[in-house]
Amino acid sequence: MKDLALLAVDTAKAKGASYADARLIESRMEHIGTKNGKVGSYETSENTGFGVRVVAGGSWGFASSDDFSRESVQATAARAVETALASSKLQDKKLVLAPVKAHVATWNTPFEKDPFTVPLEEKLSFLFKVDEALRKVKGLAIAECSMGFEREKQLFASTEGSVIEQELLSSGAGMVALAVGEGDVQRRSFPSSEGHFASGGYEIVERLKLLENAERTAEEAVALLSADECPSGKKDIILDGAQLCLQIHESIGHPSELDRVLGTEANYAGTSYLKLDQHKKLRLGSEFVSIVADSTLPGGLATVGFDDEGVPAQKWNLVQDGLFVGYLTSRETADVCGDKNSRGCMRADGWNRIPLVRMTNIGLAPGTWTLDDLIADTKDGIFMLTNRSWSIDQMRYNFQFSTEIAWEIKNGKTGRMLKNPNYQGISTEFWNSCDAVCNDAHWFPWGIINCGKGQPGQIAKMSHGSAPARFRQVNVGVAK
Amino acid sequence: MEKARAESILKKALSFSEADEMEAFIGGGSYSLTRFANNIIHQNVNEQRYQLSVRSSFGKKTGRAVTNKFNDADIQAVVKTSEAVARAQPEISELLPVPEPQVYREVDAYDEGTASLSPEARADAVAAAVALCKKNGLEAAGYFSSGMGSLGAYGEVAPLAVANSRGLFAYHRGTEASFSITTIGNDSSGWAEASSWRVSDVDVAKLTSAAVEKAKVSSKPRAIEPGKYTVILEPAAVAELLVYMAWIGFGAMQVQEGRSFMSGKTGRQLFGPKIHLYDDVYNDLLRGRPFDFEGMPVQKVAIAEGGVIKGPVHDRSTAVKEGGQSTGHGLPVPNTLGPHVASVVLDVADGVPFEDLVKGTEKGVLVTRFWYVNVVDPMKVILTGMTRDGTFLVENGKITSGIKNFRFNESVVELLNKIEATSLPVRAGECVVPGVVAREFNFSSGTEF
């Protein structure tokens with residue numbers, strides 16, 4: 001395979017490319033879903049191919065194929081150069097890439113138990129046990145359980161001398177309980193709305209405690225049908241880690257992507273409120289808000305040895321004690337924000353997509369509170385858990401989130417259950433209203449497996465570590 | 001992929017089968033996209049790929065495996081994998097046998113000029129669009145794409161050809177070209193987009209002019225208070241709302257499980273009397289695939305006529321539960337999602353030119369498109385989202401200024417009862433819909449731009 005990767009970049013160079021890289025990918029996926037005691041869905045797939053990315057005439061070009069013959073590799077490389085030269089018709093300056101050391105290296109996701117060696121019967125048996133536990137609860141209409149595994153073997157080679165082999169493995173599972181009433185559908189999921197995924201093997205599924213949490217999950221879904229509606233008005237809110245995961249993702253993660261800031265996503269995903277003149281000046285959040293980007297995080301879904309440009313994994317701050325200090329960058333964009341080197345955020349969705357600046361693992365640094373103390377310290381608030389719905393404007397100011405469930409807090413104690421909770425705010429105002437973050441005992445790297453970006457569209461995975469946090473005087477009950 | 005090649009691969013797969021029954025589909029194609037921003041081309045990509053999805057069944061046990069490798073050994077391997085998976089599965093009591101051969105409507109959706117559009121041709125069109133933007137002091141961002149086959153926006157693969165062990169065979173090939181442009185000024189933006197099976201239908205110059213005009217007119221946007229306003233929704237905005245409504249409510253599984261707004265409402269007047277909603281893959285502007293993932297022929301389905309709920313779309317599984325017939329909206333078996341709507345059409349009898357909607361509005365907000373729409377309440381079809389790329393105040397029949405963007409929280413069921421006028425339907429995404437004027441649309445908050 002290495003020979004073919006080198007053939008691709010050598011061909012591109014011979015055709016006039018000033019830079020080329022090739023990524024050869026072999027991926028394997030398995031998804032299992034159950035619904036109300038039956039197999040709901042099952043698929044196992046294998047997908048192999050390669051992509052060639054080039055700079056020619058000062059512009060990018062990219063082509064891909066699933067045909068690994070030498071003729072196909074050469075033709076694909078030539079097609080990449082052809083598209084780059086077509087792009088160069090409309091170019092205002094030649095591309096310059098930040099330097100990266102040539103790496104000849106191997107990196108593999110650490111894991112304990114290869115999920116692809118666990119018999120299908122064992123996996124199904126486990127899901128059916130969870131399914132049965134959910135459906136024991138009277139009044140539950142629908143129980144859905146799922147697990148999924150993905151392995152991606154990558155070989156990266158560039159004209160700059162890098163040859164990097166990586167094997168990335170992710171695993172996860174989850175359950176959803178739906179209760180249906182008269183004109184009402186309520187939902188509870190565990191561990192979060194999309195389950196929980198992380199880099200690693202089957203041990204991740206075994207440690208999720210799905211069975212132990214099934215009955216409570218189903219009971220809460222049923223109870224929500226007769227719960228009171230979340231009130232409207234300004235309230236202090238505490239968000240659990242699973243909801244904060246998406247809050248971080250949408251209102252800090254995406255705006256930190258430097259390609260968005262520079263306008264290359266303006267037609268689709270949008271731009272950003274984190275303009276270059278805000279860098280190292282904007283008080284994005286309160287002193288309790290520090291946001292860390294970390295592509296070395298153990299178990300993180302975006303944890304790699306190298307990104308898809310061959311840049312080593314790193315850890316750095318996007319927000320330090322409330323001050324916006326860092327971007328997510330690539331070799332093309334790094335110098336725009338004053339960095340000499342890329343932060344290594346380029347990732348592609350398989351062999352047939354070009355790498356884009358993608359979020360790596362981005363987490364809210366833990367604070368000092370215990371959750372019990374935080375609730376006890378809240379006089380009139382709402383504790384919201386588990387994301388149900390999300391929306392944010394294209395520059396990432398105005399957001400609105402719904403959660404699956406909430407609990408009213410009165411005078412330091414949780415009281416009645418509330419259904420259809422939601423809240424809305426402006427990103428910087430919201431993060432500046434944060435006055436408490438729970439400690440590392442509550443911190444967990446929640447996984448996201450469906451982050452969309454780019455044209456053509458690409459899906460990426462990443463983790464967002466967070467612990468429950470409190471935000472003062474937020475608009476709640478906003479959908480009426 | 002040509003019909004003969006697809007048929008040959010599927011026959012080869014069937015020849016390796018030792019299962020009681022087998023079905024398979026091939027999907028994929030070629031896709032090219034030229035992407036521009038900041039008045040330059042910054043991305044130019046091309047891909048070609050296909051995949052073979054095989055489902056084998058032994059009695060009521062069934063399993064699926066997928067590969068993108070097509071030599072004989074790999075085809076045999078994926079068939080054997082699907083058989084091994086099927087043997088390891090428990091029985092699905094409701095599993096249906098694969099369908100008998102079917103008859104399909106011919107859909108002419110292939111255009112050679114679209115299939116073979118070169119990167120140079122796309123670059124030339126983009127250069128002309130950018131030149132107009134530069135001339136008007138604007139920056140352009142967008143894409144021009146072309147391709148053939150069944151690759152979705154996120155690379156998802158739908159069938160080009162389906163075959164099964166009962167002799168069913170279906171094949172369809174189509175092309176698609178799309179141009180989308182966002183025009184960006186100092187404090188404003190505009191947008192226009194069009195797609196067609198035939199690239200010559202995509203008028204890049206006209207789209208660019210429309211987006212340029214929007215960005216110019218919406219400069220120096222006013223901030224007005226959120227609240228309930230009469231809205232003039234352009235077709236793209238209407239389509240965005242209806243796609244979400246269809247996703248959460250038009251499928252028979254959702255209706256049968258009691259979690260659709262249509263559950264228990266068949267025959268009831270739920271929308272205004274001028275609302276005629278269909279799923280119609282055969283609409284001349286859409287020209288979609290005439291069969292589903294099981295090879296069942298797609299029917300035109302009336303979701304609502306005269307505002308009265310007629311019923312959802314079905315796959316074979318949901319149809320059997322009601323003693324009816326599939327409408328050809330099935331996804332790969334088995335699945336937990338149920339039948340899926342592909343092509344929403346909002347038909348109106350008295351559409352007028354879109355400009356007349358503006359002329360007929362005393363005071364209202366004109367919305368070019370919505371962004372990041374999501375579901376707040378599935379049973380009431382309350383959606384939230386933002387306006388984007390051209391939001392205007394209309395006063396006394398004229399656009400008087402651009403305004404800063406709003407967030408909305410609105411029930412689409414209620415919206416379809418508040419429509420006062422409609423324009424002529426056009427294609428918007430995978431829908432054919434008019435622009436609409438509707439009263440009391442709920443803009444719940446504002447934003448910074």
# chains A, B, ... in the order shown; residues from 1 in each chain; ligands from 1

$ interface_residues --of "chain B" --to "chain A" --cutoff "6 Å" --atoms "only C-alpha atoms" --output "VMD selection string"
chain B and resid 37 40 to 41 43 to 48 64 to 68 119 to 120 141 to 142 153 to 154 182 334 to 336 372 379 386 409 447

$ select_by_dssp --residues "stretch 130-300 of chain B" --states "alpha helix (DSSP H)" --output "PDB file with C-alpha atoms, in the first residue's frame"
ATOM      1  CA  VAL B 130     -17.485  36.171  -8.858  1.00  0.00           C
ATOM      2  CA  ALA B 131     -16.875  38.933 -11.399  1.00  0.00           C
ATOM      3  CA  LEU B 132     -20.418  40.232 -10.904  1.00  0.00           C
ATOM      4  CA  CYS B 133     -19.990  40.130  -7.137  1.00  0.00           C
ATOM      5  CA  LYS B 134     -16.679  41.992  -7.309  1.00  0.00           C
ATOM      6  CA  LYS B 135     -18.253  44.614  -9.555  1.00  0.00           C
ATOM      7  CA  VAL B 204     -25.878  30.828 -12.834  1.00  0.00           C
ATOM      8  CA  ALA B 205     -26.096  34.441 -14.021  1.00  0.00           C
ATOM      9  CA  LYS B 206     -29.711  34.855 -12.891  1.00  0.00           C
ATOM     10  CA  LEU B 207     -29.029  33.269  -9.504  1.00  0.00           C
ATOM     11  CA  THR B 208     -25.980  35.448  -8.971  1.00  0.00           C
ATOM     12  CA  SER B 209     -27.896  38.610  -9.865  1.00  0.00           C
ATOM     13  CA  ALA B 210     -30.647  37.709  -7.421  1.00  0.00           C
ATOM     14  CA  ALA B 211     -28.150  37.085  -4.609  1.00  0.00           C
ATOM     15  CA  VAL B 212     -26.270  40.312  -5.392  1.00  0.00           C
ATOM     16  CA  GLU B 213     -29.489  42.300  -5.252  1.00  0.00           C
ATOM     17  CA  LYS B 214     -30.384  40.807  -1.884  1.00  0.00           C
ATOM     18  CA  ALA B 215     -27.016  41.678  -0.355  1.00  0.00           C
ATOM     19  CA  LYS B 216     -27.233  45.246  -1.671  1.00  0.00           C
ATOM     20  CA  VAL B 217     -30.804  45.858  -0.527  1.00  0.00           C
ATOM     21  CA  PRO B 235     -39.808  28.831  -1.567  1.00  0.00           C
ATOM     22  CA  ALA B 236     -36.487  27.789   0.030  1.00  0.00           C
ATOM     23  CA  ALA B 237     -37.823  28.790   3.452  1.00  0.00           C
ATOM     24  CA  VAL B 238     -41.095  26.940   2.873  1.00  0.00           C
ATOM     25  CA  ALA B 239     -39.212  23.838   1.746  1.00  0.00           C
ATOM     26  CA  GLU B 240     -37.040  23.828   4.853  1.00  0.00           C
ATOM     27  CA  LEU B 241     -40.093  23.743   7.114  1.00  0.00           C
ATOM     28  CA  LEU B 242     -41.914  21.092   5.109  1.00  0.00           C
ATOM     29  CA  VAL B 243     -38.872  18.805   4.956  1.00  0.00           C
ATOM     30  CA  TYR B 244     -38.780  18.710   8.752  1.00  0.00           C
ATOM     31  CA  MET B 245     -42.516  18.201   8.970  1.00  0.00           C
ATOM     32  CA  ALA B 246     -42.253  15.310   6.519  1.00  0.00           C
ATOM     33  CA  TRP B 247     -39.301  13.807   8.381  1.00  0.00           C
ATOM     34  CA  ILE B 248     -41.115  13.659  11.716  1.00  0.00           C
ATOM     35  CA  GLY B 249     -44.629  13.060  10.530  1.00  0.00           C
ATOM     36  CA  ALA B 252     -46.620   5.375   8.404  1.00  0.00           C
ATOM     37  CA  MET B 253     -44.468   3.946  11.210  1.00  0.00           C
ATOM     38  CA  GLN B 254     -44.587   7.279  13.059  1.00  0.00           C
ATOM     39  CA  VAL B 255     -48.340   7.446  12.517  1.00  0.00           C
ATOM     40  CA  GLN B 256     -48.892   3.858  13.667  1.00  0.00           C
TER      41      GLN B 256
END

$ residues_around --residues "A:Phe156" --least-positions-apart "4" --cutoff "6 Å" --atoms "only C-alpha atoms" --output "tab-separated table (two decimals) with N, CA and C atoms, in the first residue's frame"
chain	number	residue	atom	x	y	z
A	22	ALA	N	-1.39	11.73	-0.22
A	22	ALA	CA	-2.33	10.65	-0.52
A	22	ALA	C	-2.74	9.99	0.78
A	23	ARG	N	-4.01	9.68	0.87
A	23	ARG	CA	-4.51	8.94	2.04
A	23	ARG	C	-5.20	7.67	1.54
A	163	VAL	N	5.39	9.48	5.92
A	163	VAL	CA	4.66	8.22	5.70
A	163	VAL	C	4.14	7.80	7.08
A	164	ILE	N	2.83	7.94	7.26
A	164	ILE	CA	2.23	7.73	8.59
A	164	ILE	C	1.13	6.69	8.48

$ closest_residue --among "A:Val474, A:Ala133, A:Leu297, A:Ala157" --to "A:Ile238" --atoms "only C-alpha atoms"
A:Val474

$ residues_around --residues "A:Met384" --least-positions-apart "5" --cutoff "8 Å" --atoms "only C-alpha atoms" --output "VMD selection string"
chain A and resid 237 to 240 243 403 to 407 421

$ residues_around --residues "B:Glu100" --least-positions-apart "3" --cutoff "7 Å" --atoms "only C-alpha atoms" --output "PyMOL selection string"
chain B and resi 166-168

$ write_last_selection --atoms "N, CA, C and O atoms" --output "PDB file, in the first residue's frame"
ATOM      1  N   ARG B 166     -36.144 -13.459  -6.308  1.00  0.00           N
ATOM      2  CA  ARG B 166     -37.407 -13.776  -6.993  1.00  0.00           C
ATOM      3  C   ARG B 166     -37.425 -13.225  -8.413  1.00  0.00           C
ATOM      4  O   ARG B 166     -38.456 -13.270  -9.072  1.00  0.00           O
ATOM      5  N   GLY B 167     -36.326 -12.640  -8.841  1.00  0.00           N
ATOM      6  CA  GLY B 167     -36.243 -12.155 -10.213  1.00  0.00           C
ATOM      7  C   GLY B 167     -36.530 -10.679 -10.380  1.00  0.00           C
ATOM      8  O   GLY B 167     -36.547 -10.157 -11.496  1.00  0.00           O
ATOM      9  N   LEU B 168     -36.760  -9.977  -9.275  1.00  0.00           N
ATOM     10  CA  LEU B 168     -36.977  -8.525  -9.378  1.00  0.00           C
ATOM     11  C   LEU B 168     -35.690  -7.844  -9.847  1.00  0.00           C
ATOM     12  O   LEU B 168     -34.599  -8.186  -9.383  1.00  0.00           O
TER      13      LEU B 168
END

$ atom_distance --atom1 "atom CA of B:Lys220" --atom2 "atom CA of B:Ser401"
8.1 Å

$ residues_around --residues "A:Gly300" --least-positions-apart "4" --cutoff "6 Å" --atoms "only C-alpha atoms" --output "CSV table (one decimal) with C-alpha atoms, in the first residue's frame"
chain,number,residue,atom,x,y,z
A,198,ALA,CA,-15.4,6.9,22.5
A,199,SER,CA,-12.1,5.8,21.0
A,463,SER,CA,-15.6,14.4,22.4

$ residues_around --residues "A:Asn475" --least-positions-apart "6" --cutoff "8 Å" --atoms "only C-alpha atoms" --output "ChimeraX atom specification"
/A:232-235,423-425

$ write_last_selection --atoms "C-alpha atoms" --output "PDB file, in the first residue's frame"
ATOM      1  CA  SER A 232     -41.028  30.702  31.041  1.00  0.00           C
ATOM      2  CA  GLY A 233     -38.852  33.563  32.192  1.00  0.00           C
ATOM      3  CA  LYS A 234     -35.344  34.277  33.422  1.00  0.00           C
ATOM      4  CA  LYS A 235     -33.933  31.517  35.588  1.00  0.00           C
ATOM      5  CA  TYR A 423     -33.395  27.844  26.902  1.00  0.00           C
ATOM      6  CA  GLN A 424     -32.108  30.508  24.543  1.00  0.00           C
ATOM      7  CA  GLY A 425     -29.270  32.990  24.639  1.00  0.00           C
TER       8      GLY A 425
END

$ select_by_dssp --residues "stretch 241-444 of chain A" --states "strand (DSSP E)" --output "PyMOL selection string"
chain A and resi 291-294+315-320+323-324+346-347+356-357+362-364+380-392+398-410+413-419+422-426+434-437+444
